[in-house]
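Engineer: Sending over coords_25.tsv (TSV, C-alpha atoms).
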chain	number	residue	atom	x	y	z
A	2	SER	CA	-35.02	-1.19	-59.89
A	3	TRP	CA	-33.43	-2.79	-56.86
A	4	ARG	CA	-30.01	-1.96	-58.26
A	5	SER	CA	-30.57	1.78	-57.97
A	6	SER	CA	-30.82	1.57	-54.20
A	7	MET	CA	-27.28	0.36	-53.95
A	8	ALA	CA	-25.55	2.32	-56.70
A	9	PRO	CA	-21.97	2.76	-55.59
A	10	PRO	CA	-20.71	6.18	-54.60
A	11	LEU	CA	-18.52	7.77	-57.26
A	12	GLU	CA	-15.20	7.89	-55.48
A	13	ARG	CA	-13.37	5.02	-53.79
A	14	PRO	CA	-16.51	3.30	-52.57
A	15	GLY	CA	-14.82	0.87	-50.18
A	16	GLU	CA	-12.87	3.50	-48.34
A	17	ARG	CA	-15.73	5.93	-48.07
A	18	ARG	CA	-18.14	3.31	-46.84
A	19	GLY	CA	-15.55	2.13	-44.35
A	20	ALA	CA	-15.20	5.65	-42.97
A	21	GLU	CA	-18.97	6.08	-42.76
A	22	MET	CA	-19.33	2.77	-40.99
A	23	LYS	CA	-16.59	3.68	-38.54
A	24	LYS	CA	-18.43	6.86	-37.66
A	25	LEU	CA	-21.71	5.04	-37.17
A	26	TYR	CA	-20.56	1.86	-35.46
A	27	GLY	CA	-17.21	2.76	-33.93
A	28	ARG	CA	-15.00	-0.17	-33.02
A	29	ASP	CA	-17.63	-2.73	-34.02
A	30	SER	CA	-17.77	-1.36	-37.57
A	31	ALA	CA	-15.68	-4.17	-39.11
A	32	LYS	CA	-18.04	-6.82	-37.74
A	33	ILE	CA	-21.16	-5.01	-38.92
A	34	LEU	CA	-19.57	-4.28	-42.30
A	35	ALA	CA	-18.76	-7.98	-42.75
A	36	MET	CA	-22.28	-9.09	-41.78
A	37	GLU	CA	-23.82	-6.55	-44.14
A	38	ALA	CA	-21.51	-7.51	-46.98
A	39	ALA	CA	-22.49	-11.17	-46.64
A	40	MET	CA	-26.17	-10.31	-46.51
A	41	GLN	CA	-26.06	-7.97	-49.51
A	42	LEU	CA	-24.08	-10.55	-51.49
A	43	ASN	CA	-26.74	-13.12	-50.73
A	44	PHE	CA	-29.51	-10.74	-51.81
A	45	ASP	CA	-27.69	-9.81	-55.04
A	46	ARG	CA	-26.93	-13.43	-55.85
A	47	ASN	CA	-30.55	-14.46	-55.32
A	48	CYS	CA	-31.76	-11.61	-57.52
A	49	ASP	CA	-29.30	-12.49	-60.29
A	50	LEU	CA	-30.27	-16.13	-60.08
A	51	LYS	CA	-34.04	-15.85	-59.72
A	52	GLN	CA	-34.74	-12.58	-61.53
A	53	PRO	CA	-37.64	-11.64	-59.24
A	54	LYS	CA	-40.15	-9.04	-60.43
A	55	TYR	CA	-41.70	-6.44	-58.19
A	56	TRP	CA	-45.03	-7.25	-56.65
A	57	PRO	CA	-47.23	-5.42	-56.80
A	58	VAL	CA	-46.05	-3.87	-60.08
A	59	ILE	CA	-47.20	-0.44	-58.93
A	60	PRO	CA	-46.19	0.53	-55.38
A	61	LEU	CA	-49.05	0.44	-52.86
A	62	LYS	CA	-47.63	3.44	-51.11
A	63	LEU	CA	-46.04	6.24	-53.12
B	4	SER	CA	-30.61	8.51	-43.40
B	5	ILE	CA	-29.26	7.33	-40.04
B	6	PRO	CA	-29.48	10.01	-37.38
B	7	THR	CA	-26.05	10.79	-36.01
B	8	SER	CA	-24.99	13.23	-33.40
B	9	ALA	CA	-21.82	15.15	-34.07
B	10	GLY	CA	-20.47	18.54	-33.21
B	11	SER	CA	-21.36	19.60	-29.70
B	12	GLU	CA	-19.16	19.08	-26.61
B	13	ALA	CA	-21.48	16.57	-24.95
B	14	ASP	CA	-21.42	14.39	-28.05
B	15	VAL	CA	-17.74	13.61	-27.55
B	16	GLU	CA	-18.69	11.45	-24.58
B	17	GLN	CA	-21.96	10.40	-26.10
B	18	LEU	CA	-20.55	9.13	-29.39
B	19	PRO	CA	-18.96	5.83	-28.25
B	20	LYS	CA	-22.13	4.99	-26.32
B	21	GLU	CA	-24.26	5.74	-29.32
B	22	GLN	CA	-22.00	3.72	-31.62
B	23	HIS	CA	-22.12	0.78	-29.25
B	24	ALA	CA	-25.90	0.96	-28.96
B	25	ARG	CA	-26.20	1.14	-32.74
B	26	SER	CA	-23.91	-1.88	-33.21
B	27	VAL	CA	-25.81	-4.01	-30.70
B	28	LEU	CA	-29.16	-3.12	-32.25
B	29	ARG	CA	-27.97	-3.61	-35.82
B	30	GLU	CA	-26.24	-6.92	-35.18
B	31	SER	CA	-29.33	-8.28	-33.50
B	32	PHE	CA	-31.52	-7.10	-36.38
B	33	LEU	CA	-29.24	-8.62	-39.03
B	34	ARG	CA	-29.25	-11.95	-37.16
B	35	CYS	CA	-33.03	-11.82	-37.09
B	36	LEU	CA	-33.19	-11.19	-40.85
B	37	LEU	CA	-30.77	-14.05	-41.49
B	38	SER	CA	-32.90	-16.38	-39.40
B	39	VAL	CA	-35.96	-15.70	-41.59
B	40	THR	CA	-34.24	-17.24	-44.63
B	41	ASN	CA	-36.44	-19.99	-46.14
B	42	LYS	CA	-39.20	-19.41	-43.60
B	43	LYS	CA	-42.85	-18.82	-44.42
B	44	VAL	CA	-43.72	-15.21	-43.70
B	45	GLN	CA	-46.98	-13.28	-43.72
B	46	PHE	CA	-46.76	-9.73	-44.98
B	47	HIS	CA	-49.24	-7.11	-43.88
B	48	MET	CA	-49.15	-4.38	-46.48
B	49	TYR	CA	-50.93	-1.12	-47.15
B	50	GLU	CA	-54.41	-1.18	-48.68
B	51	ARG	CA	-55.21	-4.14	-46.41
B	52	VAL	CA	-53.17	-6.49	-48.58
B	53	LYS	CA	-52.06	-9.67	-46.80
B	54	VAL	CA	-49.84	-12.14	-48.60
B	55	GLU	CA	-47.75	-15.15	-47.71
B	56	ALA	CA	-44.36	-16.06	-49.17
B	57	THR	CA	-41.11	-17.87	-48.47
B	58	PHE	CA	-38.54	-15.35	-47.34
B	59	GLY	CA	-35.32	-15.24	-49.34
B	60	ALA	CA	-33.20	-12.23	-48.45
B	61	SER	CA	-33.29	-8.55	-47.63
B	62	ASP	CA	-30.96	-5.90	-48.93
B	63	ILE	CA	-28.99	-4.17	-46.19
B	64	ASP	CA	-30.77	-0.85	-46.61
B	65	VAL	CA	-34.08	-2.63	-45.91
B	66	MET	CA	-35.58	-1.36	-49.15
B	67	ASN	CA	-36.52	-4.71	-50.72
B	68	PHE	CA	-37.33	-8.26	-49.67
B	69	GLN	CA	-36.60	-11.04	-52.12
B	70	VAL	CA	-39.19	-13.80	-51.73
B	71	SER	CA	-40.35	-17.00	-53.43
B	72	ASP	CA	-43.78	-18.60	-53.88
B	73	LEU	CA	-45.63	-15.39	-53.21
B	74	HIS	CA	-49.34	-16.09	-52.84
B	75	THR	CA	-50.96	-13.05	-54.41
B	76	PRO	CA	-54.74	-12.61	-54.66
B	77	ILE	CA	-54.55	-13.67	-58.31
B	78	GLY	CA	-52.18	-16.60	-58.04
B	79	VAL	CA	-48.69	-17.65	-57.09
B	80	GLN	CA	-45.72	-15.61	-58.29
B	81	LYS	CA	-42.69	-17.90	-58.20
B	82	GLU	CA	-40.08	-15.19	-57.57
B	83	ALA	CA	-40.81	-11.67	-56.37
B	84	LEU	CA	-39.41	-8.52	-54.85
B	85	ILE	CA	-41.47	-6.74	-52.22
B	86	ARG	CA	-40.90	-3.06	-51.57
B	87	CYS	CA	-40.41	-2.47	-47.88
B	88	GLN	CA	-42.26	0.83	-48.27
B	89	ASP	CA	-45.39	-1.21	-49.10
B	90	VAL	CA	-45.05	-3.29	-45.95
B	91	ILE	CA	-46.45	-2.39	-42.53
B	92	SER	CA	-45.28	-5.56	-40.78
B	93	PHE	CA	-44.40	-9.17	-41.39
B	94	SER	CA	-44.51	-12.18	-39.13
B	95	PHE	CA	-43.03	-15.66	-38.92
B	96	ASP	CA	-42.50	-18.48	-36.43
B	97	ALA	CA	-39.02	-18.66	-34.95
C	30	MET	CA	-44.53	9.91	-29.89
C	31	GLN	CA	-46.55	10.40	-33.03
C	32	CYS	CA	-44.38	9.89	-36.14
C	33	GLY	CA	-41.19	10.56	-34.17
C	34	TRP	CA	-40.10	6.94	-33.73
C	35	SER	CA	-37.72	6.91	-36.71
C	36	LEU	CA	-35.94	10.00	-35.44
C	37	LEU	CA	-35.23	8.83	-31.89
C	38	GLY	CA	-31.79	7.30	-32.47
C	39	PRO	CA	-29.92	4.35	-30.90
C	40	LEU	CA	-29.62	5.70	-27.35
C	41	GLN	CA	-33.38	6.18	-27.15
C	42	TRP	CA	-34.32	2.95	-28.94
C	43	ILE	CA	-32.13	0.84	-26.70
C	44	ARG	CA	-34.19	1.94	-23.70
C	45	TYR	CA	-37.17	0.05	-25.10
C	46	ILE	CA	-35.25	-3.22	-25.52
C	47	ASN	CA	-36.40	-6.17	-23.36
C	48	LYS	CA	-39.67	-4.43	-22.61
C	49	GLN	CA	-43.10	-5.62	-23.56
C	50	VAL	CA	-44.43	-2.99	-25.90
C	51	LYS	CA	-47.59	-2.15	-27.78
C	52	VAL	CA	-46.93	-0.83	-31.27
C	53	THR	CA	-49.50	0.80	-33.45
C	54	ALA	CA	-48.63	0.89	-37.13
C	55	GLY	CA	-50.14	1.74	-40.48
C	56	LYS	CA	-53.78	2.74	-40.25
C	57	ASP	CA	-55.12	0.24	-37.77
C	58	GLU	CA	-52.55	-2.40	-36.83
C	59	GLU	CA	-51.64	-3.10	-33.24
C	60	HIS	CA	-48.93	-5.48	-32.11
C	61	ARG	CA	-47.79	-6.54	-28.66
C	62	GLY	CA	-44.61	-8.39	-27.84
C	63	TRP	CA	-41.19	-8.36	-26.24
C	64	LEU	CA	-38.95	-5.94	-28.08
C	65	LEU	CA	-35.80	-7.76	-29.20
C	66	THR	CA	-34.23	-4.99	-31.20
C	67	VAL	CA	-34.72	-1.90	-33.34
C	68	ASP	CA	-32.89	-1.69	-36.65
C	69	PRO	CA	-30.91	1.56	-36.53
C	70	VAL	CA	-31.06	1.83	-40.33
C	71	SER	CA	-34.82	1.46	-40.85
C	72	ALA	CA	-36.11	1.96	-37.28
C	73	SER	CA	-37.99	-1.34	-37.69
C	74	LEU	CA	-38.95	-3.19	-34.51
C	75	VAL	CA	-38.59	-6.90	-33.85
C	76	LEU	CA	-41.26	-8.20	-31.46
C	77	VAL	CA	-41.22	-11.71	-30.05
C	78	ASN	CA	-44.02	-13.64	-28.38
C	79	PHE	CA	-43.45	-16.98	-26.67
C	80	HIS	CA	-46.13	-19.66	-26.83
C	81	ASP	CA	-45.62	-21.89	-23.86
C	82	ASP	CA	-49.05	-23.51	-23.71
C	83	ALA	CA	-49.61	-27.10	-24.86
C	84	VAL	CA	-50.64	-25.97	-28.34
C	85	GLY	CA	-47.73	-23.59	-28.69
C	86	GLY	CA	-45.14	-26.15	-27.64
C	87	GLY	CA	-42.52	-23.57	-26.74
C	88	ARG	CA	-42.59	-21.86	-30.12
C	89	ALA	CA	-41.91	-18.20	-30.58
C	90	SER	CA	-43.63	-15.99	-33.08
C	91	VAL	CA	-41.92	-12.92	-34.42
C	92	GLN	CA	-43.33	-9.71	-35.79
C	93	VAL	CA	-41.20	-7.19	-37.61
C	94	VAL	CA	-42.88	-3.80	-37.76
C	95	MET	CA	-41.40	-1.49	-40.39
C	96	GLY	CA	-40.07	1.75	-38.95
C	97	HIS	CA	-41.77	3.95	-41.54
C	98	ALA	CA	-45.18	2.55	-40.58
C	99	VAL	CA	-44.87	3.07	-36.82
C	100	GLN	CA	-47.43	5.41	-35.26
C	101	GLU	CA	-46.81	4.86	-31.59
C	102	VAL	CA	-44.74	2.69	-29.25
C	103	GLN	CA	-45.96	2.19	-25.70
C	104	VAL	CA	-44.11	0.33	-22.94
C	105	LEU	CA	-46.31	-2.19	-21.09
C	106	GLN	CA	-43.82	-3.88	-18.75
C	107	ASP	CA	-40.20	-4.90	-18.16
C	108	ALA	CA	-39.01	-8.42	-18.89
C	109	ASP	CA	-37.78	-10.57	-16.02
C	110	GLN	CA	-34.29	-12.03	-16.28
C	111	GLU	CA	-35.44	-15.34	-17.74
C	112	THR	CA	-37.50	-13.67	-20.46
C	113	THR	CA	-34.65	-11.31	-21.28
C	114	GLN	CA	-32.25	-14.22	-21.69
C	115	ARG	CA	-34.66	-16.19	-23.77
C	116	LEU	CA	-35.42	-13.18	-25.90
C	117	GLN	CA	-31.83	-12.20	-26.53
C	118	SER	CA	-30.77	-15.74	-27.43
C	119	SER	CA	-33.62	-16.15	-29.94
C	120	PHE	CA	-31.55	-15.54	-33.07
C	121	LEU	CA	-28.05	-16.32	-31.93
C	122	PRO	CA	-26.24	-18.98	-33.93
C	123	PRO	CA	-26.72	-22.38	-32.23
C	124	ARG	CA	-23.23	-22.67	-30.82
C	125	ALA	CA	-23.45	-19.23	-29.17
C	126	ARG	CA	-26.67	-20.19	-27.41
C	127	PRO	CA	-26.52	-20.93	-23.71
C	128	LEU	CA	-26.93	-24.65	-23.06
C	129	ALA	CA	-30.44	-25.86	-22.39
C	130	PRO	CA	-31.07	-26.92	-18.78
Will you turn the file into structure tokens for me?
Structural biologist:
Amino acid sequence: SWRSSMAPPLERPGERRGAEMKKLYGRDSAKILAMEAAMQLNFDRNCDLKQPKYWPVIPLKL
Amino acid sequence: SIPTSAGSEADVEQLPKEQHARSVLRESFLRCLLSVTNKKVQFHMYERVKVEATFGASDIDVMNFQVSDLHTPIGVQKEALIRCQDVISFSFDA
Amino acid sequence: MQCGWSLLGPLQWIRYINKQVKVTAGKDEEHRGWLLTVDPVSASLVLVNFHDDAVGGGRASVQVVMGHAVQEVQVLQDADQETTQRLQSSFLPPRARPLAP
């Protein structure tokens, strides 16, 4: 399901993700992190609210 | 899954440039995704499937698109998730 | 650059920005447009085309080509300064946009 793609890492997720983001985006990492957090929150909220089902049911491309 | 360079001597100078490039590209892409919210989009998918829907949101890993009023060949699905792996391209009017 | 697009990385992708490109994707899709950006996470391209004719009325159409589907990216031409500015302000929040003339 869509939840599996964003399963949290096992240890201190915030800190670890912060460190990864810092490595990838350098001094702009806080801005990117904030934009991503807002976008993911929006996606999660829509999914909770609307309970969308996958279409097509079976992936077209495996 | 994001290619990163690390380790060699040259990368010490390269890294800030690469990070800056990545930030600029990513920010621009995220703004683009945000701007699609509530717009009509046409998805071109594998197996020559073409469908229209109202764009809702994307997850940040670009694995899934949440859409509404998806016009499938057999009718309208009110709420749907589209796997990005099934999609070749999508288009909309800005 | 058969199948290598996803592996190029930010410093390579950024060299294609503000260029008109031809992208082949999937089995038989071909798209042309000004390249606004490449998502560094998915390698997806954002192509913009401006419709300035009477019918188009200054609209822009946008194509997002998923990185995993890209077969080839070919540069056609550079954007002039006006096109670059127009392109890069396409998705900025309204108050960050340069004022209209």
Engineer: How many Å lie between atom CA of C:Asp81 and atom CA of C:Val99, rounded to one decimal?
Structural biologist: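 Computing it gives 28.1 Å between the two atoms.
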Engineer: How far is it from atom CA of B:Met48 to atom CA of B:Ile63, in Å with one decimal?
Structural biologist: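 About the pair atom CA of B:Met48 and atom CA of B:Ile63: they are 20.2 Å apart.
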Engineer: Show me, as JSON, the centre and edge lengths in Å to one decimal of the axis-aligned box that covers every listed atom of stretch 50-67 of chain B with 6 Å on each side.
Structural biologist:
{"center_x": -42.1, "center_y": -9.4, "center_z": -48.3, "size_x": 38.2, "size_y": 29.0, "size_z": 16.8}
Engineer: Identify every residue of chain C that has at least one atom within 9 Å of any atom of chain B, counting only C-alpha atoms, and report the result as a ChimeraX atom specification.
Structural biologist: /C:35-40,42-43,54-56,58,65-71,73-75,77,88-99,117,119-122
Engineer: What's the separation between atom CA of B:Leu73 and atom CA of A:Leu50, in Å to one decimal place?
Structural biologist: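 Answer for the atom CA of B:Leu73 to atom CA of A:Leu50 separation: 16.8 Å.
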Engineer: Chain A residues within 7 Å of chain B, counting all atoms listed in the file: which ones, as a PyMOL selection string?
Structural biologist: chain A and resi 25-27+29+33+37+40-41+43-44+51+53-56+60-62
Engineer: When distances are computed from all atoms listed in the file, which of A:Val58, A:Arg17, A:Met22, A:Asp49 shows the smallest separation from chain C?
Structural biologist: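 Under the stated criterion, the closest residue is A:Met22.
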